[in-house]
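Colleague: Supplied structure: coords-v6.txt, compact mmCIF, C-alpha atoms and all ligand atoms.
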# COMPACT_ATOMS: atom_id res chain seq x y z
CA MET A 102 -14.60 -2.51 -22.84
CA THR A 103 -14.15 -5.51 -20.55
CA HIS A 104 -11.97 -8.55 -21.12
CA ALA A 105 -12.90 -11.66 -19.18
CA ARG A 106 -11.22 -15.04 -18.90
CA SER A 107 -13.46 -17.76 -17.60
CA GLY A 108 -14.38 -17.09 -13.97
CA GLU A 109 -13.18 -13.48 -14.08
CA VAL A 110 -15.31 -10.41 -13.74
CA GLY A 111 -13.75 -8.18 -16.31
CA ALA A 112 -10.52 -6.14 -16.04
CA ALA A 113 -7.91 -6.86 -18.74
CA PRO A 114 -5.25 -9.34 -17.57
CA LEU A 115 -1.87 -7.93 -16.54
CA ASN A 116 0.58 -7.71 -19.41
CA ALA A 117 4.07 -8.70 -18.22
CA VAL A 118 5.85 -7.62 -21.41
CA ARG A 119 4.34 -4.14 -21.36
CA LEU A 120 4.99 -3.83 -17.62
CA ARG A 121 8.68 -4.76 -17.92
CA ALA A 122 9.10 -2.33 -20.82
CA ALA A 123 7.50 0.45 -18.75
CA VAL A 124 9.37 0.03 -15.45
CA GLY A 125 12.00 -2.72 -15.54
CA GLY A 126 15.54 -2.68 -16.86
CA PRO A 127 19.09 -2.57 -15.51
CA GLU A 128 18.77 0.96 -14.10
CA SER A 129 15.57 0.18 -12.23
CA VAL A 130 15.19 -1.09 -8.68
CA TRP A 131 12.52 -3.44 -10.13
CA THR A 132 14.89 -6.06 -11.51
CA ASP A 133 12.66 -9.14 -11.49
CA ILE A 134 9.02 -8.59 -12.50
CA ARG A 135 6.78 -11.65 -12.47
CA VAL A 136 3.11 -11.89 -13.40
CA VAL A 137 0.97 -14.90 -12.57
CA ALA A 138 -2.65 -15.61 -13.45
CA GLU A 139 -3.56 -16.90 -10.00
CA THR A 140 -1.93 -17.46 -6.64
CA GLY A 141 -2.89 -17.68 -2.98
CA SER A 142 -1.19 -14.51 -1.81
CA THR A 143 1.51 -12.49 -3.56
CA ASN A 144 2.83 -11.49 -0.11
CA GLU A 145 3.26 -15.09 0.87
CA ASP A 146 4.98 -15.84 -2.45
CA ALA A 147 7.36 -12.89 -2.08
CA LEU A 148 8.18 -13.84 1.53
CA LYS A 149 9.05 -17.37 0.36
CA GLN A 150 11.30 -15.91 -2.33
CA ALA A 151 12.91 -13.63 0.29
CA ALA A 152 13.62 -16.65 2.51
CA ASP A 153 15.24 -18.34 -0.50
CA GLY A 154 17.56 -15.34 -0.90
CA ALA A 155 15.82 -13.36 -3.65
CA ASN A 156 17.28 -9.92 -4.23
CA GLU A 157 15.64 -6.59 -3.59
CA GLY A 158 13.53 -5.54 -6.56
CA LEU A 159 11.36 -8.61 -7.03
CA VAL A 160 7.77 -7.77 -8.04
CA ILE A 161 5.07 -10.46 -8.04
CA ALA A 162 1.69 -9.45 -9.47
CA ALA A 163 -1.34 -11.71 -9.79
CA ASP A 164 -4.49 -11.35 -11.85
CA SER A 165 -6.24 -13.14 -9.05
CA GLN A 166 -5.57 -14.16 -5.43
CA THR A 167 -7.38 -16.97 -3.62
CA ALA A 168 -6.04 -16.37 -0.09
CA GLY A 169 -5.19 -12.67 0.06
CA ARG A 170 -3.93 -11.42 3.41
CA GLY A 171 -4.89 -8.15 5.08
CA ARG A 172 -3.60 -6.22 8.07
CA GLN A 173 -4.10 -7.46 11.65
CA GLY A 174 -4.46 -11.08 10.49
CA ARG A 175 -7.55 -10.37 8.38
CA GLN A 176 -8.33 -11.75 4.91
CA TRP A 177 -8.19 -9.55 1.81
CA LEU A 178 -11.01 -10.70 -0.41
CA THR A 179 -11.19 -9.85 -4.09
CA ARG A 180 -13.09 -11.41 -6.97
CA PRO A 181 -10.92 -12.78 -9.82
CA GLY A 182 -10.01 -9.99 -12.21
CA ALA A 183 -11.58 -7.26 -10.08
CA ALA A 184 -8.46 -5.90 -8.36
CA LEU A 185 -4.81 -5.05 -8.85
CA THR A 186 -2.86 -7.27 -6.43
CA PHE A 187 0.92 -7.31 -6.18
CA SER A 188 3.87 -7.40 -3.79
CA VAL A 189 7.39 -6.00 -3.91
CA LEU A 190 10.47 -7.22 -2.06
CA LEU A 191 12.82 -4.64 -0.56
CA ARG A 192 16.04 -4.96 1.41
CA PRO A 193 16.76 -1.41 2.60
CA GLN A 194 20.24 -2.43 3.85
CA PRO A 195 21.71 0.95 4.77
CA VAL A 196 18.58 2.17 6.57
CA PRO A 197 18.60 1.78 10.38
CA GLN A 198 15.91 -0.52 11.75
CA ALA A 199 14.21 2.37 13.59
CA ALA A 200 13.57 4.19 10.29
CA ARG A 201 12.20 1.20 8.35
CA GLY A 202 8.70 1.85 9.70
CA TRP A 203 8.49 4.48 6.97
CA VAL A 204 8.37 1.87 4.19
CA PRO A 205 4.61 1.15 4.54
CA LEU A 206 3.90 4.88 4.69
CA LEU A 207 6.05 5.49 1.61
CA ALA A 208 4.05 2.79 -0.16
CA GLY A 209 0.83 4.65 0.65
CA VAL A 210 2.22 7.87 -0.83
CA ALA A 211 3.31 5.99 -3.98
CA VAL A 212 -0.16 4.50 -4.42
CA VAL A 213 -1.83 7.91 -4.11
CA PHE A 214 0.49 9.41 -6.75
CA GLY A 215 0.24 6.34 -8.99
CA LEU A 216 -3.55 6.57 -8.86
CA ARG A 217 -3.40 10.27 -9.64
CA GLN A 218 -1.16 9.61 -12.64
CA ALA A 219 -3.12 6.67 -14.07
CA THR A 220 -6.69 7.73 -13.23
CA GLY A 221 -6.73 11.39 -12.18
CA ILE A 222 -8.35 10.39 -8.88
CA GLY A 223 -7.22 12.39 -5.84
CA ALA A 224 -7.02 9.83 -3.04
CA ARG A 225 -6.00 10.47 0.59
CA LEU A 226 -4.41 8.33 3.28
CA LYS A 227 -5.81 7.12 6.57
CA TRP A 228 -2.93 6.39 8.94
CA PRO A 229 -0.92 4.33 8.42
CA ASN A 230 -1.64 3.58 4.76
CA ASP A 231 -5.25 2.89 3.89
CA VAL A 232 -5.91 4.63 0.59
CA LEU A 233 -9.28 6.39 0.65
CA ALA A 234 -11.39 7.87 -2.11
CA GLY A 235 -13.94 9.96 -0.24
CA ASP A 236 -14.67 7.87 2.86
CA GLY A 237 -14.31 4.51 1.08
CA LYS A 238 -11.22 2.30 1.15
CA LEU A 239 -9.89 2.04 -2.39
CA ALA A 240 -6.62 0.26 -1.64
CA GLY A 241 -4.96 -1.57 1.23
CA ILE A 242 -1.30 -2.16 1.98
CA LEU A 243 0.28 -4.93 4.03
CA ALA A 244 4.01 -4.71 4.85
CA GLU A 245 5.63 -7.79 6.37
CA GLN A 246 9.21 -8.00 7.59
CA SER A 247 11.35 -11.12 7.54
CA GLY A 248 14.99 -10.71 8.51
CA ASP A 249 16.35 -7.79 6.51
CA ALA A 250 13.61 -8.15 3.88
CA ILE A 251 10.40 -6.15 3.77
CA VAL A 252 7.59 -7.36 1.55
CA VAL A 253 5.02 -4.71 0.70
CA GLY A 254 1.74 -6.01 -0.70
CA ILE A 255 -0.76 -3.69 -2.33
CA GLY A 256 -4.35 -4.36 -3.34
CA VAL A 257 -6.38 -1.81 -5.32
CA ASN A 258 -10.09 -2.41 -5.94
CA ILE A 259 -10.71 -1.80 -9.63
CA LEU A 260 -14.18 -3.20 -10.23
CA GLY A 261 -17.03 -3.55 -7.80
CA THR A 262 -20.27 -1.82 -6.98
CA GLU A 263 -21.73 -1.20 -3.54
CA ARG A 264 -23.50 -4.56 -3.87
CA ASP A 265 -20.52 -6.76 -4.74
CA LEU A 266 -17.59 -5.23 -2.84
CA PRO A 267 -16.61 -7.50 0.06
CA VAL A 268 -17.07 -4.96 2.88
CA ALA A 269 -19.31 -1.93 3.32
CA THR A 270 -16.34 0.40 3.92
CA ALA A 271 -14.72 -0.46 0.56
CA THR A 272 -14.90 1.46 -2.68
CA SER A 273 -13.47 0.82 -6.14
CA LEU A 274 -12.21 2.69 -9.17
CA GLU A 275 -15.49 1.68 -10.83
CA ARG A 276 -17.44 3.48 -8.11
CA CYS A 277 -15.18 6.51 -8.65
CA GLY A 278 -15.96 6.49 -12.38
CA ALA A 279 -12.62 4.94 -13.44
CA GLY A 280 -13.54 1.25 -13.79
CA GLY A 281 -11.95 1.15 -17.25
CA THR A 282 -8.46 1.71 -15.78
CA ASP A 283 -5.92 -0.70 -17.22
CA ARG A 284 -4.27 -2.67 -14.43
CA THR A 285 -0.89 -2.79 -16.18
CA ASP A 286 -0.83 1.00 -16.58
CA LEU A 287 -1.82 1.51 -12.94
CA LEU A 288 0.78 -0.96 -11.69
CA ALA A 289 3.49 0.70 -13.79
CA ALA A 290 2.52 4.14 -12.44
CA ILE A 291 2.61 2.93 -8.81
CA LEU A 292 5.96 1.19 -9.29
CA ARG A 293 7.47 4.32 -10.83
CA GLU A 294 6.23 6.53 -7.98
CA PHE A 295 7.42 3.94 -5.44
CA GLU A 296 10.89 3.60 -6.94
CA ARG A 297 11.59 7.33 -7.10
CA ARG A 298 10.68 7.93 -3.46
CA TYR A 299 12.23 4.74 -2.16
CA LEU A 300 15.66 5.37 -3.73
CA HIS A 301 15.72 8.98 -2.57
CA TRP A 302 14.68 8.05 1.01
CA ARG A 303 17.15 5.14 1.14
CA GLU A 304 20.04 7.33 0.05
CA THR A 305 19.14 10.37 2.19
CA GLY A 306 20.32 9.81 5.73
CA PRO A 307 19.98 6.87 4.96
CA GLY A 308 16.28 6.55 5.65
CA ASP A 309 15.76 10.12 6.88
CA ALA A 310 12.07 10.77 6.23
CA ALA A 311 12.30 14.47 7.08
CA ALA A 312 15.42 15.27 5.02
CA SER A 313 14.17 13.29 2.02
CA GLY A 314 10.83 15.13 2.02
CA LEU A 315 8.88 11.92 2.59
CA GLU A 316 7.56 13.01 5.98
CA GLN A 317 6.14 16.26 4.59
CA GLU A 318 4.67 14.53 1.56
CA TYR A 319 3.05 11.87 3.75
CA LYS A 320 1.59 14.43 6.15
CA SER A 321 0.15 16.49 3.30
CA LEU A 322 -1.78 13.42 2.10
CA CYS A 323 -2.77 12.04 5.50
CA GLY A 324 -6.43 12.83 6.12
CA THR A 325 -6.16 11.47 9.68
CA LEU A 326 -4.23 14.47 11.02
CA GLY A 327 -6.44 17.01 12.75
CA ARG A 328 -9.31 14.51 13.05
CA GLN A 329 -10.97 13.01 16.12
CA VAL A 330 -10.12 9.32 15.92
CA CYS A 331 -10.79 6.08 17.65
CA VAL A 332 -7.83 3.70 17.39
CA GLN A 333 -8.40 -0.02 17.85
CA LEU A 334 -5.08 -1.12 19.28
CA PRO A 335 -3.67 -4.65 18.93
CA GLY A 336 -4.96 -6.67 21.90
CA GLY A 337 -8.42 -5.10 21.81
CA ARG A 338 -7.86 -1.79 23.67
CA GLU A 339 -9.25 1.43 22.20
CA LEU A 340 -7.82 4.91 22.23
CA ALA A 341 -9.97 7.95 21.48
CA GLY A 342 -8.62 11.44 20.90
CA LEU A 343 -7.30 13.97 18.43
CA ALA A 344 -4.71 12.81 15.86
CA VAL A 345 -2.18 15.61 16.11
CA ASP A 346 0.95 14.48 14.26
CA VAL A 347 3.14 11.72 12.89
CA ASP A 348 6.46 11.41 14.71
CA PRO A 349 9.92 10.86 13.14
CA ALA A 350 9.43 7.08 13.36
CA GLY A 351 6.11 7.22 11.48
CA GLN A 352 3.99 6.66 14.59
CA LEU A 353 0.63 8.44 14.95
CA LEU A 354 0.53 10.86 17.88
CA VAL A 355 -2.88 10.95 19.53
CA SER A 356 -3.91 13.46 22.19
CA PRO A 357 -6.46 11.56 24.28
CA HIS A 358 -9.41 13.29 25.92
CA ARG A 359 -7.49 12.87 29.19
CA GLY A 360 -3.79 12.30 29.77
CA ASP A 361 -0.55 12.56 27.84
CA LEU A 362 0.12 12.26 24.12
CA VAL A 363 0.22 8.60 22.99
CA ALA A 364 2.46 7.36 20.14
CA VAL A 365 0.68 4.60 18.23
CA SER A 366 2.83 2.23 16.16
CA ALA A 367 0.07 -0.19 15.06
CA GLY A 368 -3.71 -0.15 15.07
CA ASP A 369 -6.86 0.44 13.08
CA VAL A 370 -7.96 4.05 12.93
CA VAL A 371 -11.57 5.12 12.62
CA HIS A 372 -12.14 8.74 11.65
CA VAL A 373 -14.83 9.89 14.04
CA ARG A 374 -15.33 13.41 12.69
C1 LIG B 401 -5.24 -4.24 4.38
O1 LIG B 401 -5.74 -5.00 5.22
O2 LIG B 401 -5.65 -3.11 4.20
C2 LIG B 401 -4.06 -4.70 3.57
C3 LIG B 401 -4.48 -5.42 2.34
C4 LIG B 401 -3.31 -5.85 1.48
C5 LIG B 401 -3.74 -6.68 0.31
C6 LIG B 401 -2.61 -6.98 -0.63
S1 LIG B 401 -3.19 -7.71 -2.13
C7 LIG B 401 -1.54 -8.07 -2.60
C8 LIG B 401 -0.84 -8.52 -1.35
N1 LIG B 401 -1.01 -9.96 -1.14
C9 LIG B 401 -1.71 -10.22 -0.05
O3 LIG B 401 -2.01 -11.35 0.36
N2 LIG B 401 -2.06 -9.08 0.56
C10 LIG B 401 -1.54 -7.92 -0.14
Rewrite the coordinates I just gave you, this time as structure tokens.
Modeller:
Amino acid sequence: MTHARSGEVGAAPLNAVRLRAAVGGPESVWTDIRVVAETGSTNEDALKQAADGANEGLVIAADSQTAGRGRQGRQWLTRPGAALTFSVLLRPQPVPQAARGWVPLLAGVAVVFGLRQATGIGARLKWPNDVLAGDGKLAGILAEQSGDAIVVGIGVNILGTERDLPVATATSLERCGAGGTDRTDLLAAILREFERRYLHWRETGPGDAAASGLEQEYKSLCGTLGRQVCVQLPGGRELAGLAVDVDPAGQLLVSPHRGDLVAVSAGDVVHVR
């Protein structure tokens, strides 16, 4: 069954009451859960709240975004009602700066497990945190830092066929046979998976990805490792080689066809074969 408000393509609107009952509460890291019908970008909204002093644990979810932001300055385009779009605000105070690069990777792991729980779909990660179903991108994650705050924005394509998804590399739950997934249930599942890992990682070390098990969990889901890749680095350079490992800071280690191992901290990876 589909539920459409005017101008929307079909998924049921987010239900704030049900969401708060499922994941909020005094014991939860998610202390302030807000749902809006429409906004420009939930990341931008959460960053504004962070600048105004909002506490860790703010969640802003929108039924629809009109100016969604993607990685590397790109847009994140979704049709109204066709995606799950939300951002969370974290302030991982005790974690040293050098270890905070694990937050976007942790988010990717949480999305994979949330999807598994809510839909049964077995997704994989492309470094750093593109969520793939088969070869198609099912969800994207944008982490932005401002002072001691990190805003993590997540967009999951729910509805969309090959014809109406915004880019050829995208896929959706609909294309995977799970277009009827309830956005509130999926969001609750992702937030639960996120919270469990985040609290454990934050308290272990603090921020020790190896000791907390996050590093192993990430590597077991990362389909990039062991693949020939081409990395488009910021500034336009390209790096081709074999993706051999992820280092303790969360960087991708690439063995180029010639020369020494390169640690990549940011870039777009293409799986070559
Ligand atoms: C990517 O380029 O893969 C990252 C996409 C991130 C999109 C999400 S949707 C919710 C949040 N708000 C935004 O403006 N962007 C992120």
Colleague: Can you work out the spacing between CA of Leu266 in chain A and CA of Arg338 in chain A in Å, to one decimal?
Modeller: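 Calculated distance between CA of Leu266 in chain A and CA of Arg338 in chain A is 28.4 Å.
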Colleague: Mind listing whatever residues come within 8 Å of the point (-7.2, 7.1, 18.7)? Use all atoms listed in the file, file coordinates, and give them as a list in words.
Modeller: Gln329, Val330, Cys331, Val332, Gln333, Glu339, Leu340, Ala341, Gly342, Leu343, Ala344, Val355, Ser356, Pro357, Val370 and Val371 of chain A
Colleague: Write out as number ranges by chain the residues lying within 8 Å of Thr272 in chain A, counting all atoms listed in the file and excluding same-chain residues fewer than 6 positions away.
Modeller: A: 234, 237-239, 258, 261-263, 266
Colleague: Name the residues, by chain letter and number, that sit within 7 Å of ligand LIG 401 (chain B) using all atoms listed in the file, and give them as a list of chain:residue names.
Modeller: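 Residues satisfying the distance criterion: A:Ser142, A:Thr143, A:Asn144, A:Glu145, A:Ala168, A:Gly169, A:Arg170, A:Gly171, A:Arg172, A:Arg175, A:Trp177, A:Thr186, A:Phe187, A:Ser188, A:Asp231, A:Ala240, A:Gly241, A:Ile242, A:Leu243, A:Gly254, A:Ile255, A:Gly256.
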Colleague: Hey, which of A:Asp153, A:Glu316, A:Asp164, A:Glu294 ends up closest to Gly248 in chain A? Count only C-alpha atoms.
Modeller: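 Counting only C-alpha atoms, the residue closest to Gly248 in chain A is A:Asp153.
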Colleague: If we count all atoms listed in the file, what is near Gly308 in chain A at a cut-off of 12 Å, once residues fewer than 4 positions away on the same chain are taken out, given as a ChimeraX atom specification?
Modeller: /A:193-204,207,298-304,312-316,349-351
Colleague: From the set A:Ser129, A:Gln352, A:Thr220, A:Ser165, which residue has the shortest atom-to-atom contact distance to Ala112 in chain A, counting all atoms listed in the file?
Modeller: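 Among the listed residues, the smallest separation from Ala112 in chain A belongs to A:Ser165.
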Colleague: To one decimal in Å, tell me the separation between CA of Leu287 in chain A and CA of Gln166 in chain A.
Modeller: 17.8 Å
Colleague: What is the distance between CA of Leu322 in chain A and CA of Lys227 in chain A, in Å to one decimal?
Modeller: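 So the two atoms, CA of Leu322 in chain A and CA of Lys227 in chain A, lie 8.7 Å apart.
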Colleague: Each side padded by 4 Å, which centre and which edge lengths in Å (one decimal) define the axis-aligned box around the listed atoms of range 191-197 of chain A? Give them as AutoDock Vina command-line options.
Modeller:
--center_x 17.3 --center_y -1.4 --center_z 4.9 --size_x 16.9 --size_y 15.1 --size_z 18.9
Colleague: Select, from A:Gly235, A:Pro114, A:Gly215, A:Gly126, the residue with the minimum atom-to-atom distance to Glu139 in chain A, counting all atoms listed in the file.
Modeller: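 Of the candidates, the smallest distance to Glu139 in chain A is held by A:Pro114.
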Colleague: Name all residues at most 10 Å from Phe295 in chain A (count only C-alpha atoms; drop same-chain ones fewer than 6 positions away) and give them as a list in words.
Modeller: Val130, Val204, Leu207, Ala208, Gly209, Val210, Ala211, Val212, Phe214, Gly215 and Ala289 of chain A
Colleague: Need the shell around Pro229 in chain A: protein/DNA/RNA residues with any atom at most 8 Å away, counting only C-alpha atoms. Skip same-chain ones fewer than 6 positions apart. Format as a PyMOL selection string?
Modeller: chain A and resi 205-206+209+353
Colleague: Using only C-alpha atoms, which residue out of A:Thr282, A:Ala290, A:Thr167, A:Asp249 lies closest to Thr179 in chain A?
Modeller: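 That would be A:Thr167, the residue with the smallest distance to Thr179 in chain A.
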Colleague: Find, counting all atoms listed in the file, the residue in A:Ile222, A:Ala117, A:Val189, A:Val347 that gets nearest to Gln317 in chain A.
Modeller: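 For Gln317 in chain A, the nearest of the candidates is A:Val347.
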Colleague: Given the choices A:Val253, A:Ala113, A:Ala152, A:Leu326, which gets closest to Leu191 in chain A if the distance is worked out from only C-alpha atoms?
Modeller: A:Val253
Colleague: Would you fill out range 157-168 of chain A with all heavy atoms and return it as a compact mmCIF listing (two decimals), keeping the file's coordinate frame?
Modeller:
# COMPACT_ATOMS: atom_id res chain seq x y z
N GLU A 157 16.55 -7.73 -3.57
CA GLU A 157 15.64 -6.59 -3.59
C GLU A 157 15.22 -6.32 -5.03
O GLU A 157 16.02 -6.48 -5.96
CB GLU A 157 16.37 -5.38 -3.03
CG GLU A 157 15.70 -4.07 -3.36
CD GLU A 157 16.20 -2.92 -2.50
OE1 GLU A 157 15.75 -2.84 -1.36
OE2 GLU A 157 17.02 -2.14 -2.97
N GLY A 158 13.96 -5.92 -5.22
CA GLY A 158 13.53 -5.54 -6.56
C GLY A 158 12.61 -6.54 -7.21
O GLY A 158 12.14 -6.32 -8.33
N LEU A 159 12.32 -7.64 -6.49
CA LEU A 159 11.36 -8.61 -7.03
C LEU A 159 9.94 -8.02 -6.94
O LEU A 159 9.57 -7.45 -5.91
CB LEU A 159 11.43 -9.90 -6.19
CG LEU A 159 10.35 -10.95 -6.45
CD1 LEU A 159 10.49 -11.56 -7.84
CD2 LEU A 159 10.42 -12.05 -5.38
N VAL A 160 9.19 -8.17 -8.02
CA VAL A 160 7.77 -7.77 -8.04
C VAL A 160 6.97 -9.00 -8.43
O VAL A 160 7.30 -9.65 -9.44
CB VAL A 160 7.50 -6.66 -9.08
CG1 VAL A 160 6.02 -6.29 -9.12
CG2 VAL A 160 8.35 -5.42 -8.81
N ILE A 161 5.97 -9.36 -7.65
CA ILE A 161 5.07 -10.46 -8.04
C ILE A 161 3.65 -9.88 -8.10
O ILE A 161 3.14 -9.37 -7.10
CB ILE A 161 5.10 -11.63 -7.03
CG1 ILE A 161 6.53 -12.16 -6.88
CG2 ILE A 161 4.16 -12.75 -7.49
CD1 ILE A 161 6.66 -13.33 -5.90
N ALA A 162 3.05 -9.95 -9.29
CA ALA A 162 1.69 -9.45 -9.47
C ALA A 162 0.81 -10.60 -9.92
O ALA A 162 1.25 -11.48 -10.67
CB ALA A 162 1.67 -8.34 -10.52
N ALA A 163 -0.42 -10.62 -9.44
CA ALA A 163 -1.34 -11.71 -9.79
C ALA A 163 -2.65 -11.13 -10.31
O ALA A 163 -3.19 -10.17 -9.74
CB ALA A 163 -1.61 -12.57 -8.56
N ASP A 164 -3.16 -11.75 -11.37
CA ASP A 164 -4.49 -11.35 -11.85
C ASP A 164 -5.54 -11.67 -10.81
O ASP A 164 -6.58 -11.02 -10.73
CB ASP A 164 -4.82 -12.08 -13.16
CG ASP A 164 -4.12 -11.44 -14.35
OD1 ASP A 164 -4.06 -10.20 -14.39
OD2 ASP A 164 -3.61 -12.19 -15.20
N SER A 165 -5.24 -12.72 -10.02
CA SER A 165 -6.24 -13.14 -9.05
C SER A 165 -5.57 -13.81 -7.86
O SER A 165 -4.58 -14.53 -8.02
CB SER A 165 -7.18 -14.13 -9.78
OG SER A 165 -7.89 -14.88 -8.87
N GLN A 166 -6.07 -13.52 -6.65
CA GLN A 166 -5.57 -14.16 -5.43
C GLN A 166 -6.68 -14.98 -4.79
O GLN A 166 -7.83 -14.53 -4.73
CB GLN A 166 -5.14 -13.11 -4.41
CG GLN A 166 -3.87 -12.39 -4.71
CD GLN A 166 -3.40 -11.55 -3.52
OE1 GLN A 166 -2.23 -11.47 -3.25
NE2 GLN A 166 -4.31 -10.91 -2.83
N THR A 167 -6.34 -16.15 -4.26
CA THR A 167 -7.38 -16.97 -3.62
C THR A 167 -7.29 -16.93 -2.09
O THR A 167 -8.20 -17.38 -1.42
CB THR A 167 -7.23 -18.44 -4.08
OG1 THR A 167 -5.88 -18.86 -3.82
CG2 THR A 167 -7.54 -18.59 -5.56
N ALA A 168 -6.18 -16.42 -1.55
CA ALA A 168 -6.04 -16.37 -0.09
C ALA A 168 -5.31 -15.09 0.30
O ALA A 168 -4.32 -15.11 1.03
CB ALA A 168 -5.28 -17.60 0.40
